[in-house]
file upload32.cif (mmCIF, C-alpha atoms)
data_model
#
loop_
_atom_site.label_atom_id
_atom_site.label_comp_id
_atom_site.auth_asym_id
_atom_site.auth_seq_id
_atom_site.Cartn_x
_atom_site.Cartn_y
_atom_site.Cartn_z
CA MET B 1362 101.00 -226.22 164.97
CA VAL B 1363 102.23 -222.88 166.33
CA ASP B 1364 100.21 -219.81 165.28
CA LYS B 1365 102.33 -216.67 165.67
CA HIS B 1366 99.57 -214.22 164.69
CA LEU B 1367 96.70 -215.33 166.87
CA GLU B 1368 94.36 -212.84 168.52
CA LEU B 1369 91.13 -213.15 170.49
CA ARG B 1370 89.11 -209.93 170.41
CA ILE B 1371 86.22 -209.47 172.84
CA SER B 1372 84.17 -206.45 171.85
CA ASN B 1373 81.34 -204.75 173.76
CA LEU B 1374 80.31 -208.05 175.34
CA SER B 1375 77.41 -208.19 177.79
CA ALA B 1376 75.93 -211.24 179.51
CA GLY B 1377 73.95 -212.30 182.55
CA TYR B 1378 71.57 -214.80 184.06
CA GLY B 1379 67.93 -214.14 183.26
CA ALA B 1380 67.11 -210.57 184.18
CA ARG B 1381 70.35 -210.17 186.17
CA SER B 1382 73.08 -208.41 184.21
CA VAL B 1383 76.61 -209.54 185.17
CA LEU B 1384 78.91 -208.29 182.40
CA GLN B 1385 78.43 -204.94 180.69
CA ASP B 1386 80.24 -203.83 177.56
CA ILE B 1387 83.42 -205.86 178.06
CA SER B 1388 86.23 -205.27 175.55
CA LEU B 1389 89.57 -207.11 175.68
CA THR B 1390 92.21 -208.10 173.16
CA LEU B 1391 94.23 -211.22 173.98
CA ALA B 1392 97.30 -212.10 171.93
CA GLY B 1393 98.75 -215.51 171.20
CA GLY B 1394 101.88 -216.19 173.22
CA GLU B 1395 100.77 -214.06 176.17
CA PHE B 1396 99.40 -215.02 179.58
CA SER B 1397 96.46 -212.74 180.39
CA ALA B 1398 94.96 -212.67 183.87
CA LEU B 1399 91.50 -211.44 184.85
CA VAL B 1400 91.29 -210.26 188.46
CA GLY B 1401 88.60 -208.68 190.64
CA PRO B 1402 86.38 -209.33 193.64
CA ASN B 1403 84.05 -212.31 193.98
CA GLY B 1404 80.87 -212.18 191.96
CA VAL B 1405 81.92 -209.57 189.40
CA GLY B 1406 81.70 -211.90 186.40
CA LYS B 1407 85.16 -213.41 185.90
CA SER B 1408 83.84 -216.97 185.59
CA THR B 1409 80.88 -215.69 183.58
CA LEU B 1410 83.25 -214.36 180.92
CA ILE B 1411 84.91 -217.80 180.68
CA ARG B 1412 81.46 -219.39 180.27
CA VAL B 1413 80.49 -217.01 177.48
CA ILE B 1414 83.70 -217.48 175.49
CA SER B 1415 83.49 -221.27 175.84
CA GLY B 1416 79.82 -221.39 174.82
CA VAL B 1417 78.31 -222.48 178.12
CA LEU B 1418 76.42 -219.18 178.45
CA SER B 1419 75.01 -217.00 175.69
CA ALA B 1420 75.98 -213.36 175.38
CA THR B 1421 73.21 -210.77 175.33
CA SER B 1422 75.25 -208.51 173.05
CA GLY B 1423 78.74 -208.05 171.65
CA SER B 1424 81.14 -210.32 169.83
CA VAL B 1425 84.14 -212.62 170.30
CA GLN B 1426 86.47 -212.98 167.31
CA LEU B 1427 89.33 -215.46 166.99
CA ASN B 1428 91.27 -213.75 164.21
CA ASP B 1429 88.54 -213.61 161.53
CA ARG B 1430 86.25 -216.28 163.05
CA ASP B 1431 83.12 -215.49 165.05
CA VAL B 1432 83.52 -217.63 168.17
CA LEU B 1433 79.95 -217.09 169.38
CA GLN B 1434 78.53 -218.47 166.12
CA MET B 1435 80.80 -221.50 165.87
CA PRO B 1436 79.17 -224.96 165.96
CA VAL B 1437 79.78 -226.71 169.29
CA ALA B 1438 82.31 -229.20 167.90
CA GLU B 1439 84.27 -226.51 166.08
CA ARG B 1440 84.43 -224.33 169.18
CA ALA B 1441 85.69 -227.32 171.19
CA ARG B 1442 88.50 -227.76 168.66
CA GLN B 1443 89.50 -224.11 169.03
CA ILE B 1444 88.95 -223.47 172.75
CA ALA B 1445 89.84 -225.60 175.78
CA VAL B 1446 88.74 -224.89 179.34
CA VAL B 1447 90.30 -225.82 182.65
CA PRO B 1448 87.32 -225.32 184.97
CA GLN B 1449 87.38 -224.37 188.62
CA GLY B 1450 87.28 -227.23 191.13
CA VAL B 1451 86.74 -229.96 188.54
CA GLN B 1452 85.91 -233.41 189.93
CA LEU B 1453 87.49 -236.23 187.94
CA PRO B 1454 86.06 -239.77 188.11
CA ASP B 1455 88.26 -241.69 190.58
CA ALA B 1456 88.21 -245.03 188.74
CA PHE B 1457 89.47 -243.73 185.37
CA LEU B 1458 93.11 -244.01 184.39
CA VAL B 1459 95.05 -240.82 183.71
CA ARG B 1460 95.56 -241.73 180.04
CA GLU B 1461 91.79 -242.29 179.66
CA ILE B 1462 91.04 -238.84 181.07
CA VAL B 1463 93.59 -237.14 178.81
CA LEU B 1464 92.29 -239.01 175.75
CA MET B 1465 88.89 -237.46 176.39
CA GLY B 1466 90.43 -234.25 175.13
CA ARG B 1467 90.50 -235.76 171.64
CA THR B 1468 86.69 -236.12 171.56
CA PRO B 1469 86.05 -232.98 169.42
CA HIS B 1470 88.39 -234.37 166.75
CA LEU B 1471 86.91 -237.88 166.52
CA PRO B 1472 84.60 -239.01 163.72
CA PHE B 1473 80.98 -239.46 164.79
CA TRP B 1474 81.15 -243.26 164.96
CA GLY B 1475 84.90 -243.63 165.42
CA GLY B 1476 87.27 -244.23 168.31
CA GLU B 1477 90.72 -242.88 169.04
CA SER B 1478 93.38 -243.48 166.40
CA LYS B 1479 97.10 -243.99 166.81
CA THR B 1480 97.51 -240.28 166.08
CA ASP B 1481 95.04 -239.35 168.82
CA ARG B 1482 96.92 -241.48 171.33
CA ALA B 1483 100.22 -239.90 170.28
CA ILE B 1484 98.78 -236.39 170.75
CA ALA B 1485 97.46 -237.36 174.20
CA LEU B 1486 100.86 -238.77 175.15
CA GLU B 1487 102.57 -235.56 174.06
CA ALA B 1488 100.11 -233.56 176.18
CA MET B 1489 100.95 -235.78 179.16
CA ARG B 1490 104.65 -235.24 178.57
CA HIS B 1491 104.18 -231.47 178.43
CA THR B 1492 102.40 -231.53 181.78
CA GLU B 1493 104.73 -234.19 183.24
CA VAL B 1494 101.96 -236.67 183.99
CA ASP B 1495 103.09 -239.29 181.45
CA LYS B 1496 104.60 -241.36 184.26
CA LEU B 1497 101.15 -241.40 185.86
CA ALA B 1498 99.40 -242.63 182.71
CA ASP B 1499 98.34 -245.98 184.20
CA ARG B 1500 97.45 -244.62 187.65
CA ARG B 1501 93.83 -244.19 188.67
CA VAL B 1502 92.79 -240.58 189.14
CA GLY B 1503 91.55 -241.25 192.67
CA GLU B 1504 95.12 -242.09 193.70
CA LEU B 1505 96.52 -238.70 192.67
CA SER B 1506 97.18 -235.56 194.69
CA GLY B 1507 95.30 -232.35 193.97
CA GLY B 1508 98.25 -230.90 192.09
CA GLU B 1509 98.63 -234.03 189.98
CA GLN B 1510 94.93 -234.01 189.15
CA GLN B 1511 95.13 -230.37 188.09
CA ARG B 1512 97.97 -231.22 185.72
CA VAL B 1513 95.86 -234.03 184.29
CA VAL B 1514 93.05 -231.55 183.60
CA VAL B 1515 95.52 -229.24 181.84
CA ALA B 1516 96.83 -232.23 179.83
CA ARG B 1517 93.27 -233.07 178.76
CA ALA B 1518 92.82 -229.48 177.60
CA LEU B 1519 96.08 -229.59 175.64
CA ALA B 1520 95.05 -232.85 173.98
CA GLN B 1521 92.29 -230.83 172.31
CA GLN B 1522 95.08 -228.97 170.50
CA PRO B 1523 93.30 -225.68 171.17
CA ARG B 1524 94.29 -222.23 170.02
CA VAL B 1525 92.74 -220.69 173.13
CA LEU B 1526 93.22 -221.95 176.70
CA LEU B 1527 90.81 -220.64 179.36
CA LEU B 1528 91.51 -221.34 183.02
CA ASP B 1529 89.09 -220.55 185.84
CA GLU B 1530 91.03 -220.18 189.11
CA PRO B 1531 93.61 -222.82 188.08
CA THR B 1532 95.41 -222.79 191.45
CA ALA B 1533 92.37 -222.94 193.72
CA GLN B 1534 92.80 -225.44 196.57
CA LEU B 1535 96.43 -226.18 195.65
CA ASP B 1536 99.38 -225.77 198.00
CA LEU B 1537 102.18 -223.34 197.16
CA LYS B 1538 104.33 -225.93 195.41
CA HIS B 1539 101.54 -227.03 193.09
CA GLN B 1540 100.37 -223.46 192.50
CA TYR B 1541 103.88 -222.63 191.34
CA GLY B 1542 104.04 -225.73 189.13
CA VAL B 1543 100.72 -225.10 187.38
CA LEU B 1544 101.38 -221.40 186.73
CA GLU B 1545 104.92 -222.04 185.47
CA LEU B 1546 103.47 -224.65 183.11
CA VAL B 1547 100.74 -222.36 181.78
CA GLN B 1548 103.22 -219.53 181.24
CA GLN B 1549 105.53 -221.91 179.36
CA LEU B 1550 102.70 -223.27 177.18
CA ALA B 1551 101.56 -219.78 176.22
CA SER B 1552 105.06 -218.90 175.08
CA GLU B 1553 106.07 -222.15 173.38
CA GLN B 1554 102.77 -222.92 171.63
CA GLN B 1555 101.69 -219.30 171.10
CA LEU B 1556 98.34 -220.02 172.72
CA VAL B 1557 95.90 -217.33 173.74
CA VAL B 1558 95.74 -217.87 177.51
CA LEU B 1559 93.19 -216.24 179.82
CA ALA B 1560 93.08 -217.17 183.51
CA THR B 1561 90.79 -215.83 186.20
CA MET B 1562 92.81 -215.31 189.38
CA HIS B 1563 92.14 -214.23 192.95
CA ASP B 1564 95.79 -214.00 194.00
CA LEU B 1565 96.91 -210.58 192.81
CA ASN B 1566 100.57 -211.29 193.52
CA GLN B 1567 100.47 -214.39 191.34
CA ALA B 1568 98.85 -212.32 188.60
CA ALA B 1569 101.65 -209.76 188.93
CA GLN B 1570 104.32 -212.46 188.75
CA TYR B 1571 103.01 -214.54 185.85
CA ALA B 1572 100.73 -212.43 183.66
CA ASP B 1573 101.85 -210.38 180.68
CA GLN B 1574 98.54 -208.53 180.74
CA VAL B 1575 96.07 -207.99 183.58
CA GLY B 1576 92.43 -206.97 183.32
CA LEU B 1577 90.71 -205.60 186.43
CA LEU B 1578 86.99 -206.43 186.48
CA ALA B 1579 84.70 -204.71 188.97
CA GLY B 1580 81.02 -203.91 188.89
CA GLY B 1581 80.63 -205.95 185.73
CA LYS B 1582 83.01 -203.75 183.76
CA ILE B 1583 86.70 -203.69 182.87
CA ARG B 1584 88.16 -200.91 185.00
CA ALA B 1585 91.73 -201.18 183.73
CA ILE B 1586 93.77 -203.26 181.29
CA GLY B 1587 97.53 -203.32 180.84
CA THR B 1588 100.72 -204.61 182.37
CA PRO B 1589 100.66 -205.66 186.05
CA ALA B 1590 102.45 -202.43 187.01
CA GLU B 1591 99.89 -200.33 185.14
CA VAL B 1592 96.81 -202.07 186.53
CA LEU B 1593 97.71 -203.22 190.04
CA THR B 1594 97.89 -199.84 191.72
CA ALA B 1595 96.81 -199.04 195.26
CA GLU B 1596 94.18 -196.56 194.11
CA ARG B 1597 92.54 -198.88 191.58
CA LEU B 1598 92.61 -201.95 193.82
CA SER B 1599 91.33 -200.10 196.89
CA GLN B 1600 88.39 -198.84 194.88
CA ALA B 1601 87.65 -202.21 193.27
CA TYR B 1602 87.87 -204.25 196.48
CA ASP B 1603 86.47 -201.54 198.77
CA ILE B 1604 89.25 -201.91 201.35
CA PRO B 1605 92.56 -200.09 201.89
CA ILE B 1606 95.25 -201.76 199.77
CA SER B 1607 98.96 -200.99 199.59
CA VAL B 1608 101.17 -201.78 196.60
CA ILE B 1609 104.96 -201.73 196.91
CA PRO B 1610 107.70 -202.90 194.53
CA HIS B 1611 108.85 -206.45 195.13
CA PRO B 1612 112.37 -206.22 196.58
CA ARG B 1613 113.81 -208.58 193.96
CA SER B 1614 111.69 -208.38 190.83
CA GLY B 1615 110.31 -204.86 191.17
CA LEU B 1616 106.87 -206.20 190.27
CA PRO B 1617 103.84 -204.95 192.22
CA LEU B 1618 103.50 -206.56 195.65
CA VAL B 1619 99.93 -206.22 196.89
CA VAL B 1620 99.16 -206.07 200.61
CA ALA B 1621 95.70 -205.62 202.15
CA GLY B 1622 95.57 -202.68 204.55
CA SER B 1623 97.17 -199.25 204.75
CA PRO B 1624 100.89 -198.80 205.37
CA GLU B 1625 101.74 -197.76 208.94
#
call {"tool": "encode", "arguments": {"input": "upload32.cif", "output": "structure tokens"}}
result
Amino acid sequence: MVDKHLELRISNLSAGYGARSVLQDISLTLAGGEFSALVGPNGVGKSTLIRVISGVLSATSGSVQLNDRDVLQMPVAERARQIAVVPQGVQLPDAFLVREIVLMGRTPHLPFWGGESKTDRAIALEAMRHTEVDKLADRRVGELSGGEQQRVVVARALAQQPRVLLLDEPTAQLDLKHQYGVLELVQQLASEQQLVVLATMHDLNQAAQYADQVGLLAGGKIRAIGTPAEVLTAERLSQAYDIPISVIPHPRSGLPLVVAGSPE
């Protein structure tokens, strides 16, 4: 079911690990149908924000609202029906078939003592078709390439029928072809299914190319939020990454093209 008025509002959110504060007073608004990217140096809390929204880590203060629902107070099963996560560097069990992995995405929707129904299998098949892994349904995961496995993980997330899709470095360890394929797919899913999509990304040029909205996280705080052109400026990036950075218009698209180092 497509929701054309979906919004995830993160307000004054703080979180950390024990006495170590990682995120301080984070506020973001993410709209359904848009691909939002979160960029910034290593260790600034990008993955931590994904963990808080998905319920893996508790916030120390602040709120996360999905329209009028309090995400942080949702029961575990309800949150799993609303929010799907594609984690960084996930290891899938080699012996499982692709269709078995994707069907695992239906777990939050199953009755306590029940198995998958015909409807669940149909939803999983549709998720495999969307991600173009339906032809791999009877292959064992251990036989697949890294790009194919990443698509299987995305298919499993889609089988949850979420309203929010969180991706933590979705193109890590993929070659250029598979990076392109995964990001094109995520962009398409955001638009067609009106999902709220938030992806943490290290590649600033990929963020510029695919994201509708970019948030720059540094020092545990959001330093800028807006379109790629508004956020990915030489001044902001040089300060955030603590190195000289040049930004020039891409010769074809006009989008920001980020290059480490000062222009000669």
call {"tool": "residues_around", "arguments": {"input": "upload32.cif", "residues": "Val1413 (chain B)", "least_positions_apart": "6", "cutoff": "10 Å", "atoms": "all atoms listed in the file", "output": "mmCIF file with C-alpha atoms, in the coordinates of the input"}}
result
data_model
loop_
_atom_site.group_PDB
_atom_site.id
_atom_site.type_symbol
_atom_site.label_atom_id
_atom_site.label_comp_id
_atom_site.auth_asym_id
_atom_site.auth_seq_id
_atom_site.Cartn_x
_atom_site.Cartn_y
_atom_site.Cartn_z
ATOM 1 C CA LEU B 1374 80.310 -208.050 175.340
ATOM 2 C CA SER B 1375 77.410 -208.190 177.790
ATOM 3 C CA ALA B 1376 75.930 -211.240 179.510
ATOM 4 C CA GLY B 1377 73.950 -212.300 182.550
ATOM 5 C CA SER B 1419 75.010 -217.000 175.690
ATOM 6 C CA ALA B 1420 75.980 -213.360 175.380
ATOM 7 C CA THR B 1421 73.210 -210.770 175.330
ATOM 8 C CA VAL B 1425 84.140 -212.620 170.300
ATOM 9 C CA VAL B 1432 83.520 -217.630 168.170
ATOM 10 C CA LEU B 1433 79.950 -217.090 169.380
#
call {"tool": "closest_atom_pairs", "arguments": {"input": "upload32.cif", "of": "region 1490-1514 of chain B", "to": "region 1536-1546 of chain B", "cutoff": "12 Å", "atoms": "all atoms listed in the file", "output": "JSON lines"}}
result
{"residue": "B:Arg1490", "atom": "CA", "partner": "B:Leu1546", "partner_atom": "CA", "distance": 11.6}
{"residue": "B:His1491", "atom": "CA", "partner": "B:Leu1546", "partner_atom": "CA", "distance": 8.3}
{"residue": "B:Thr1492", "atom": "CA", "partner": "B:Leu1546", "partner_atom": "CA", "distance": 7.1}
{"residue": "B:Glu1493", "atom": "CA", "partner": "B:Leu1546", "partner_atom": "CA", "distance": 9.6}
{"residue": "B:Ser1506", "atom": "CA", "partner": "B:His1539", "partner_atom": "CA", "distance": 9.7}
{"residue": "B:Gly1507", "atom": "CA", "partner": "B:His1539", "partner_atom": "CA", "distance": 8.2}
{"residue": "B:Gly1508", "atom": "CA", "partner": "B:His1539", "partner_atom": "CA", "distance": 5.2}
{"residue": "B:Glu1509", "atom": "CA", "partner": "B:His1539", "partner_atom": "CA", "distance": 8.2}
{"residue": "B:Gln1510", "atom": "CA", "partner": "B:His1539", "partner_atom": "CA", "distance": 10.4}
{"residue": "B:Gln1511", "atom": "CA", "partner": "B:Val1543", "partner_atom": "CA", "distance": 7.7}
{"residue": "B:Arg1512", "atom": "CA", "partner": "B:Val1543", "partner_atom": "CA", "distance": 6.9}
{"residue": "B:Val1513", "atom": "CA", "partner": "B:Val1543", "partner_atom": "CA", "distance": 10.6}
{"residue": "B:Val1514", "atom": "CA", "partner": "B:Val1543", "partner_atom": "CA", "distance": 10.7}
call {"tool": "atom_distance", "arguments": {"input": "upload32.cif", "atom1": "CA of Glu1487 (chain B)", "atom2": "CA of Asp1455 (chain B)"}}
result
22.7 Å
call {"tool": "residues_around", "arguments": {"input": "upload32.cif", "residues": "Leu1565 (chain B)", "least_positions_apart": "6", "cutoff": "10 Å", "atoms": "all atoms listed in the file", "output": "VMD selection string"}}
result
chain B and resid 1398 to 1401 1575 1589 1593 1598 1617 to 1620
call {"tool": "closest_residue", "arguments": {"input": "upload32.cif", "among": "B:Arg1517, B:Arg1500, B:His1470, B:Arg1381", "to": "Val1446 (chain B)", "atoms": "only C-alpha atoms"}}
result
B:Arg1517
call {"tool": "closest_residue", "arguments": {"input": "upload32.cif", "among": "B:Pro1523, B:Pro1469, B:Gly1615, B:Gly1404", "to": "Tyr1602 (chain B)", "atoms": "all atoms listed in the file"}}
result
B:Gly1404
call {"tool": "closest_residue", "arguments": {"input": "upload32.cif", "among": "B:Lys1496, B:Arg1412, B:Lys1407, B:His1366", "to": "Ile1444 (chain B)", "atoms": "only C-alpha atoms"}}
result
B:Arg1412
call {"tool": "atom_distance", "arguments": {"input": "upload32.cif", "atom1": "CA of Ala1590 (chain B)", "atom2": "CA of Gln1426 (chain B)"}}
result
27.5 Å
